[in-house]
Amino acid sequence: MGLVIIVILAIALFLIPSPASAPGTDKTAQNESASIKVVPFSSDNVKVSAPLPGAEVDKNFEVIGEARGDWYFEGTFPVQVHDSANNRIGGGTAKSESDWMTTEFVPFSANISAENYSGPAILAFLKSNPSGLPENDDSVSIPIVIK
(Lines give C-alpha, C1' and ligand atoms only; values in the text may rest on other atoms or scores of the structure.)
Protein backbone atom coordinates (compact mmCIF):
# COMPACT_ATOMS: atom_id res chain seq x y z
CA MET A 1 0.00 0.00 0.00
CA GLY A 2 2.83 2.42 0.88
CA LEU A 3 4.46 1.80 -2.48
CA VAL A 4 1.22 2.66 -4.33
CA ILE A 5 0.98 6.01 -2.48
CA ILE A 6 4.60 6.85 -3.35
CA VAL A 7 4.02 6.02 -7.03
CA ILE A 8 0.83 8.16 -7.11
CA LEU A 9 2.67 11.10 -5.47
CA ALA A 10 5.56 10.78 -7.92
CA ILE A 11 3.18 10.79 -10.90
CA ALA A 12 1.32 13.80 -9.45
CA LEU A 13 4.57 15.74 -9.07
CA PHE A 14 5.36 15.26 -12.75
CA LEU A 15 1.87 16.03 -14.03
CA ILE A 16 1.03 19.13 -11.94
CA PRO A 17 2.90 22.23 -13.19
CA SER A 18 5.05 24.00 -10.66
CA PRO A 19 4.49 27.74 -9.99
CA ALA A 20 7.78 28.58 -11.74
CA SER A 21 6.50 27.18 -15.02
CA ALA A 22 2.94 28.46 -14.76
CA PRO A 23 1.80 30.81 -17.54
CA GLY A 24 2.48 34.50 -16.94
CA THR A 25 5.27 33.98 -14.42
CA ASP A 26 8.22 33.96 -16.79
CA LYS A 27 10.65 36.35 -15.09
CA THR A 28 12.71 36.71 -18.28
CA ALA A 29 9.71 37.99 -20.24
CA GLN A 30 8.82 40.39 -17.42
CA ASN A 31 12.37 41.78 -17.31
CA GLU A 32 12.46 42.20 -21.10
CA SER A 33 9.19 44.14 -21.15
CA ALA A 34 10.41 46.38 -18.33
CA SER A 35 13.44 47.37 -20.43
CA ILE A 36 11.47 48.53 -23.50
CA LYS A 37 12.48 52.08 -24.30
CA VAL A 38 11.27 54.68 -26.76
CA VAL A 39 13.81 55.60 -29.41
CA PRO A 40 14.15 58.81 -31.42
CA PHE A 41 11.87 59.13 -34.46
CA SER A 42 13.41 58.44 -37.85
CA SER A 43 11.98 58.35 -41.38
CA ASP A 44 13.51 58.55 -44.84
CA ASN A 45 13.37 62.37 -44.72
CA VAL A 46 13.19 63.51 -41.09
CA LYS A 47 14.91 62.38 -37.88
CA VAL A 48 13.73 63.81 -34.55
CA SER A 49 15.93 63.40 -31.47
CA ALA A 50 13.75 65.55 -29.17
CA PRO A 51 11.03 65.27 -28.19
CA LEU A 52 10.72 61.49 -28.36
CA PRO A 53 7.46 60.00 -29.67
CA GLY A 54 4.86 60.01 -26.90
CA ALA A 55 6.82 62.48 -24.76
CA GLU A 56 5.13 65.01 -22.49
CA VAL A 57 6.13 68.55 -23.45
CA ASP A 58 5.41 72.02 -22.12
CA LYS A 59 3.19 74.43 -24.07
CA ASN A 60 6.41 75.98 -25.44
CA PHE A 61 9.13 73.50 -26.33
CA GLU A 62 12.11 72.98 -28.62
CA VAL A 63 12.35 70.36 -31.34
CA ILE A 64 15.77 69.09 -32.39
CA GLY A 65 16.48 66.87 -35.36
CA GLU A 66 17.64 66.54 -38.94
CA ALA A 67 15.83 66.75 -42.27
CA ARG A 68 16.92 66.18 -45.83
CA GLY A 69 18.08 69.36 -47.56
CA ASP A 70 15.22 69.26 -50.06
CA TRP A 71 12.71 69.66 -47.19
CA TYR A 72 13.95 73.22 -46.64
CA PHE A 73 13.15 76.35 -48.59
CA GLU A 74 15.48 79.23 -47.77
CA GLY A 75 16.68 77.16 -44.81
CA THR A 76 13.30 76.64 -43.12
CA PHE A 77 10.24 74.39 -43.11
CA PRO A 78 6.98 74.53 -41.11
CA VAL A 79 6.21 72.47 -38.02
CA GLN A 80 2.60 72.26 -36.84
CA VAL A 81 0.85 70.91 -33.76
CA HIS A 82 -2.59 69.31 -34.19
CA ASP A 83 -5.09 68.02 -31.64
CA SER A 84 -6.72 64.58 -31.91
CA ALA A 85 -9.43 66.06 -34.20
CA ASN A 86 -6.65 67.34 -36.53
CA ASN A 87 -7.28 71.01 -35.64
CA ARG A 88 -4.12 73.11 -35.81
CA ILE A 89 -3.37 74.26 -32.26
CA GLY A 90 0.16 75.59 -32.61
CA GLY A 91 3.44 75.37 -34.42
CA GLY A 92 6.67 77.04 -35.36
CA THR A 93 9.41 77.06 -37.98
CA ALA A 94 12.30 74.63 -38.20
CA LYS A 95 15.55 76.41 -39.10
CA SER A 96 18.58 74.71 -40.58
CA GLU A 97 21.75 74.85 -38.52
CA SER A 98 24.09 74.34 -41.48
CA ASP A 99 24.10 74.45 -45.28
CA TRP A 100 20.75 73.10 -46.48
CA MET A 101 21.64 73.05 -50.20
CA THR A 102 22.13 69.28 -50.23
CA THR A 103 20.15 66.05 -50.39
CA GLU A 104 21.81 64.83 -47.18
CA PHE A 105 20.42 65.27 -43.66
CA VAL A 106 20.80 68.79 -42.27
CA PRO A 107 20.42 69.56 -38.53
CA PHE A 108 17.51 71.79 -37.47
CA SER A 109 15.92 73.23 -34.37
CA ALA A 110 12.49 74.75 -33.90
CA ASN A 111 10.77 76.60 -31.07
CA ILE A 112 7.19 75.34 -30.94
CA SER A 113 4.22 76.92 -29.18
CA ALA A 114 0.80 75.41 -28.39
CA GLU A 115 -0.41 77.88 -25.76
CA ASN A 116 -4.11 77.12 -25.33
CA TYR A 117 -4.12 73.33 -25.31
CA SER A 118 -3.34 70.38 -23.04
CA GLY A 119 -3.56 66.71 -23.96
CA PRO A 120 -2.59 64.31 -26.74
CA ALA A 121 -1.34 65.97 -29.91
CA ILE A 122 0.46 65.34 -33.18
CA LEU A 123 3.70 67.12 -34.06
CA ALA A 124 3.74 67.42 -37.88
CA PHE A 125 6.81 68.27 -39.96
CA LEU A 126 5.83 69.67 -43.37
CA LYS A 127 8.17 69.78 -46.34
CA SER A 128 8.53 73.35 -47.61
CA ASN A 129 6.64 73.60 -50.88
CA PRO A 130 6.96 77.09 -52.39
CA SER A 131 5.42 75.85 -55.66
CA GLY A 132 2.15 74.93 -53.95
CA LEU A 133 1.90 71.87 -56.18
CA PRO A 134 0.30 68.94 -54.32
CA GLU A 135 2.77 66.46 -55.79
CA ASN A 136 5.55 68.30 -53.91
CA ASP A 137 3.77 68.05 -50.52
CA ASP A 138 5.15 65.70 -47.90
CA SER A 139 4.95 65.41 -44.13
CA VAL A 140 5.79 63.16 -41.22
CA SER A 141 4.37 63.27 -37.72
CA ILE A 142 4.90 61.93 -34.21
CA PRO A 143 2.55 61.75 -31.24
CA ILE A 144 3.24 63.95 -28.20
CA VAL A 145 1.35 65.01 -25.08
CA ILE A 146 1.14 68.69 -24.18
CA LYS A 147 1.09 69.38 -20.42
# chains A, B, ... in the order shown; residues from 1 in each chain; ligands from 1
>>> residues_around(residues="range 92-109 of chain A", least_positions_apart="4", cutoff="7 Å", atoms="only C-alpha atoms", output="list of chain:residue names")
A:Glu62, A:Val63, A:Ile64, A:Gly65, A:Glu66, A:Ala67, A:Arg68, A:Gly69, A:Asp70, A:Tyr72, A:Gly75, A:Thr76, A:Phe77, A:Pro78, A:Val79, A:Gln80, A:Ser113
>>> residues_around(residues="Asp83 in chain A", least_positions_apart="2", cutoff="7 Å", atoms="only C-alpha atoms", output="JSON, numbers by chain")
{"A": [81, 85, 86, 87, 88, 89, 120, 121, 122]}
>>> write_last_selection(atoms="N, CA and C atoms", output="mmCIF file, in the first residue's frame")
data_model
loop_
_atom_site.group_PDB
_atom_site.id
_atom_site.type_symbol
_atom_site.label_atom_id
_atom_site.label_comp_id
_atom_site.auth_asym_id
_atom_site.auth_seq_id
_atom_site.Cartn_x
_atom_site.Cartn_y
_atom_site.Cartn_z
ATOM 1 N N VAL A 81 1.390 71.756 -34.816
ATOM 2 C CA VAL A 81 0.855 70.908 -33.757
ATOM 3 C C VAL A 81 -0.645 70.804 -33.984
ATOM 4 N N ALA A 85 -8.444 65.846 -33.131
ATOM 5 C CA ALA A 85 -9.428 66.060 -34.205
ATOM 6 C C ALA A 85 -8.779 66.698 -35.437
ATOM 7 N N ASN A 86 -7.441 66.776 -35.441
ATOM 8 C CA ASN A 86 -6.648 67.343 -36.528
ATOM 9 C C ASN A 86 -6.817 68.852 -36.692
ATOM 10 N N ASN A 87 -7.237 69.541 -35.631
ATOM 11 C CA ASN A 87 -7.278 71.006 -35.644
ATOM 12 C C ASN A 87 -5.876 71.526 -35.340
ATOM 13 N N ARG A 88 -5.435 72.521 -36.079
ATOM 14 C CA ARG A 88 -4.118 73.107 -35.807
ATOM 15 C C ARG A 88 -4.208 73.919 -34.523
ATOM 16 N N ILE A 89 -3.341 73.587 -33.566
ATOM 17 C CA ILE A 89 -3.371 74.256 -32.263
ATOM 18 C C ILE A 89 -2.069 74.983 -31.947
ATOM 19 N N PRO A 120 -3.287 64.979 -25.631
ATOM 20 C CA PRO A 120 -2.593 64.313 -26.737
ATOM 21 C C PRO A 120 -2.587 65.181 -27.990
ATOM 22 N N ALA A 121 -1.483 65.133 -28.708
ATOM 23 C CA ALA A 121 -1.344 65.970 -29.907
ATOM 24 C C ALA A 121 -0.441 65.269 -30.914
ATOM 25 N N ILE A 122 -0.409 65.828 -32.104
ATOM 26 C CA ILE A 122 0.462 65.344 -33.180
ATOM 27 C C ILE A 122 1.402 66.477 -33.573
#
>>> residues_around(residues="Ala55 in chain A", least_positions_apart="4", cutoff="12 Å", atoms="only C-alpha atoms", output="list in words")
Lys37, Val38, Val39, Pro40, Phe41, Ser49, Ala50, Pro51, Phe61, Val63, Gly119, Pro120, Ala121, Ile122, Leu123, Ile142, Pro143, Ile144, Val145, Ile146 and Lys147 of chain A
>>> residues_around(residues="Val140 in chain A", least_positions_apart="2", cutoff="9 Å", atoms="only C-alpha atoms", output="list in words")
Ser43, Asn45, Val46, Leu123, Ala124, Phe125, Leu126, Lys127, Asp138 and Ile142 of chain A
>>> decode(residues="range 85-118 of chain A", atoms="N, CA and C atoms", output="PDB file, in the first residue's frame")
ATOM      1  N   ALA A  85      -8.444  65.846 -33.131  1.00  0.00           N
ATOM      2  CA  ALA A  85      -9.428  66.060 -34.205  1.00  0.00           C
ATOM      3  C   ALA A  85      -8.779  66.698 -35.437  1.00  0.00           C
ATOM      4  N   ASN A  86      -7.441  66.776 -35.441  1.00  0.00           N
ATOM      5  CA  ASN A  86      -6.648  67.343 -36.528  1.00  0.00           C
ATOM      6  C   ASN A  86      -6.817  68.852 -36.692  1.00  0.00           C
ATOM      7  N   ASN A  87      -7.237  69.541 -35.631  1.00  0.00           N
ATOM      8  CA  ASN A  87      -7.278  71.006 -35.644  1.00  0.00           C
ATOM      9  C   ASN A  87      -5.876  71.526 -35.340  1.00  0.00           C
ATOM     10  N   ARG A  88      -5.435  72.521 -36.079  1.00  0.00           N
ATOM     11  CA  ARG A  88      -4.118  73.107 -35.807  1.00  0.00           C
ATOM     12  C   ARG A  88      -4.208  73.919 -34.523  1.00  0.00           C
ATOM     13  N   ILE A  89      -3.341  73.587 -33.566  1.00  0.00           N
ATOM     14  CA  ILE A  89      -3.371  74.256 -32.263  1.00  0.00           C
ATOM     15  C   ILE A  89      -2.069  74.983 -31.947  1.00  0.00           C
ATOM     16  N   GLY A  90      -1.103  74.909 -32.845  1.00  0.00           N
ATOM     17  CA  GLY A  90       0.157  75.594 -32.611  1.00  0.00           C
ATOM     18  C   GLY A  90       1.165  75.226 -33.673  1.00  0.00           C
ATOM     19  N   GLY A  91       2.391  75.699 -33.465  1.00  0.00           N
ATOM     20  CA  GLY A  91       3.440  75.374 -34.416  1.00  0.00           C
ATOM     21  C   GLY A  91       4.628  76.294 -34.297  1.00  0.00           C
ATOM     22  N   GLY A  92       5.474  76.235 -35.303  1.00  0.00           N
ATOM     23  CA  GLY A  92       6.675  77.044 -35.359  1.00  0.00           C
ATOM     24  C   GLY A  92       7.386  76.775 -36.673  1.00  0.00           C
ATOM     25  N   THR A  93       8.625  77.222 -36.758  1.00  0.00           N
ATOM     26  CA  THR A  93       9.408  77.061 -37.981  1.00  0.00           C
ATOM     27  C   THR A  93      10.729  76.385 -37.651  1.00  0.00           C
ATOM     28  N   ALA A  94      11.010  75.299 -38.347  1.00  0.00           N
ATOM     29  CA  ALA A  94      12.302  74.632 -38.204  1.00  0.00           C
ATOM     30  C   ALA A  94      13.327  75.400 -39.025  1.00  0.00           C
ATOM     31  N   LYS A  95      14.483  75.659 -38.421  1.00  0.00           N
ATOM     32  CA  LYS A  95      15.545  76.409 -39.096  1.00  0.00           C
ATOM     33  C   LYS A  95      16.790  75.545 -39.190  1.00  0.00           C
ATOM     34  N   SER A  96      17.370  75.513 -40.384  1.00  0.00           N
ATOM     35  CA  SER A  96      18.585  74.714 -40.580  1.00  0.00           C
ATOM     36  C   SER A  96      19.719  75.302 -39.755  1.00  0.00           C
ATOM     37  N   GLU A  97      20.594  74.417 -39.302  1.00  0.00           N
ATOM     38  CA  GLU A  97      21.746  74.855 -38.520  1.00  0.00           C
ATOM     39  C   GLU A  97      23.046  74.721 -39.306  1.00  0.00           C
ATOM     40  N   SER A  98      22.927  74.385 -40.589  1.00  0.00           N
ATOM     41  CA  SER A  98      24.088  74.343 -41.482  1.00  0.00           C
ATOM     42  C   SER A  98      23.578  74.450 -42.914  1.00  0.00           C
ATOM     43  N   ASP A  99      24.468  74.299 -43.869  1.00  0.00           N
ATOM     44  CA  ASP A  99      24.103  74.446 -45.279  1.00  0.00           C
ATOM     45  C   ASP A  99      23.016  73.446 -45.652  1.00  0.00           C
ATOM     46  N   TRP A 100      21.891  73.947 -46.135  1.00  0.00           N
ATOM     47  CA  TRP A 100      20.750  73.097 -46.480  1.00  0.00           C
ATOM     48  C   TRP A 100      20.684  72.779 -47.973  1.00  0.00           C
ATOM     49  N   MET A 101      21.627  73.285 -48.747  1.00  0.00           N
ATOM     50  CA  MET A 101      21.636  73.050 -50.196  1.00  0.00           C
ATOM     51  C   MET A 101      22.292  71.702 -50.500  1.00  0.00           C
ATOM     52  N   THR A 102      21.633  70.635 -50.071  1.00  0.00           N
ATOM     53  CA  THR A 102      22.133  69.278 -50.235  1.00  0.00           C
ATOM     54  C   THR A 102      20.953  68.312 -50.194  1.00  0.00           C
ATOM     55  N   THR A 103      21.194  67.073 -50.551  1.00  0.00           N
ATOM     56  CA  THR A 103      20.149  66.053 -50.389  1.00  0.00           C
ATOM     57  C   THR A 103      20.383  65.241 -49.115  1.00  0.00           C
ATOM     58  N   GLU A 104      21.481  65.532 -48.426  1.00  0.00           N
ATOM     59  CA  GLU A 104      21.809  64.830 -47.177  1.00  0.00           C
ATOM     60  C   GLU A 104      20.991  65.406 -46.017  1.00  0.00           C
ATOM     61  N   PHE A 105      21.094  64.766 -44.852  1.00  0.00           N
ATOM     62  CA  PHE A 105      20.416  65.272 -43.662  1.00  0.00           C
ATOM     63  C   PHE A 105      21.114  66.525 -43.149  1.00  0.00           C
ATOM     64  N   VAL A 106      20.313  67.512 -42.769  1.00  0.00           N
ATOM     65  CA  VAL A 106      20.795  68.794 -42.269  1.00  0.00           C
ATOM     66  C   VAL A 106      20.170  69.015 -40.890  1.00  0.00           C
ATOM     67  N   PRO A 107      20.972  69.335 -39.861  1.00  0.00           N
ATOM     68  CA  PRO A 107      20.415  69.556 -38.528  1.00  0.00           C
ATOM     69  C   PRO A 107      19.477  70.761 -38.495  1.00  0.00           C
ATOM     70  N   PHE A 108      18.439  70.670 -37.658  1.00  0.00           N
ATOM     71  CA  PHE A 108      17.515  71.791 -37.468  1.00  0.00           C
ATOM     72  C   PHE A 108      17.110  71.886 -36.006  1.00  0.00           C
ATOM     73  N   SER A 109      16.588  73.049 -35.661  1.00  0.00           N
ATOM     74  CA  SER A 109      15.919  73.233 -34.373  1.00  0.00           C
ATOM     75  C   SER A 109      14.702  74.107 -34.629  1.00  0.00           C
ATOM     76  N   ALA A 110      13.715  73.970 -33.755  1.00  0.00           N
ATOM     77  CA  ALA A 110      12.485  74.754 -33.895  1.00  0.00           C
ATOM     78  C   ALA A 110      11.914  75.023 -32.516  1.00  0.00           C
ATOM     79  N   ASN A 111      11.501  76.259 -32.289  1.00  0.00           N
ATOM     80  CA  ASN A 111      10.769  76.599 -31.074  1.00  0.00           C
ATOM     81  C   ASN A 111       9.291  76.508 -31.398  1.00  0.00           C
ATOM     82  N   ILE A 112       8.586  75.643 -30.673  1.00  0.00           N
ATOM     83  CA  ILE A 112       7.188  75.344 -30.944  1.00  0.00           C
ATOM     84  C   ILE A 112       6.323  75.868 -29.810  1.00  0.00           C
ATOM     85  N   SER A 113       5.161  76.397 -30.168  1.00  0.00           N
ATOM     86  CA  SER A 113       4.218  76.919 -29.181  1.00  0.00           C
ATOM     87  C   SER A 113       2.834  76.329 -29.433  1.00  0.00           C
ATOM     88  N   ALA A 114       2.195  75.879 -28.347  1.00  0.00           N
ATOM     89  CA  ALA A 114       0.802  75.412 -28.385  1.00  0.00           C
ATOM     90  C   ALA A 114       0.155  75.896 -27.090  1.00  0.00           C
ATOM     91  N   GLU A 115      -0.030  77.201 -27.003  1.00  0.00           N
ATOM     92  CA  GLU A 115      -0.409  77.881 -25.762  1.00  0.00           C
ATOM     93  C   GLU A 115      -1.726  77.445 -25.133  1.00  0.00           C
ATOM     94  N   ASN A 116      -2.775  77.308 -25.901  1.00  0.00           N
ATOM     95  CA  ASN A 116      -4.110  77.124 -25.326  1.00  0.00           C
ATOM     96  C   ASN A 116      -4.611  75.695 -25.413  1.00  0.00           C
ATOM     97  N   TYR A 117      -3.720  74.717 -25.168  1.00  0.00           N
ATOM     98  CA  TYR A 117      -4.124  73.326 -25.313  1.00  0.00           C
ATOM     99  C   TYR A 117      -3.329  72.457 -24.353  1.00  0.00           C
ATOM    100  N   SER A 118      -3.984  71.431 -23.830  1.00  0.00           N
ATOM    101  CA  SER A 118      -3.336  70.384 -23.042  1.00  0.00           C
ATOM    102  C   SER A 118      -3.922  69.052 -23.475  1.00  0.00           C
TER     103      SER A 118
END
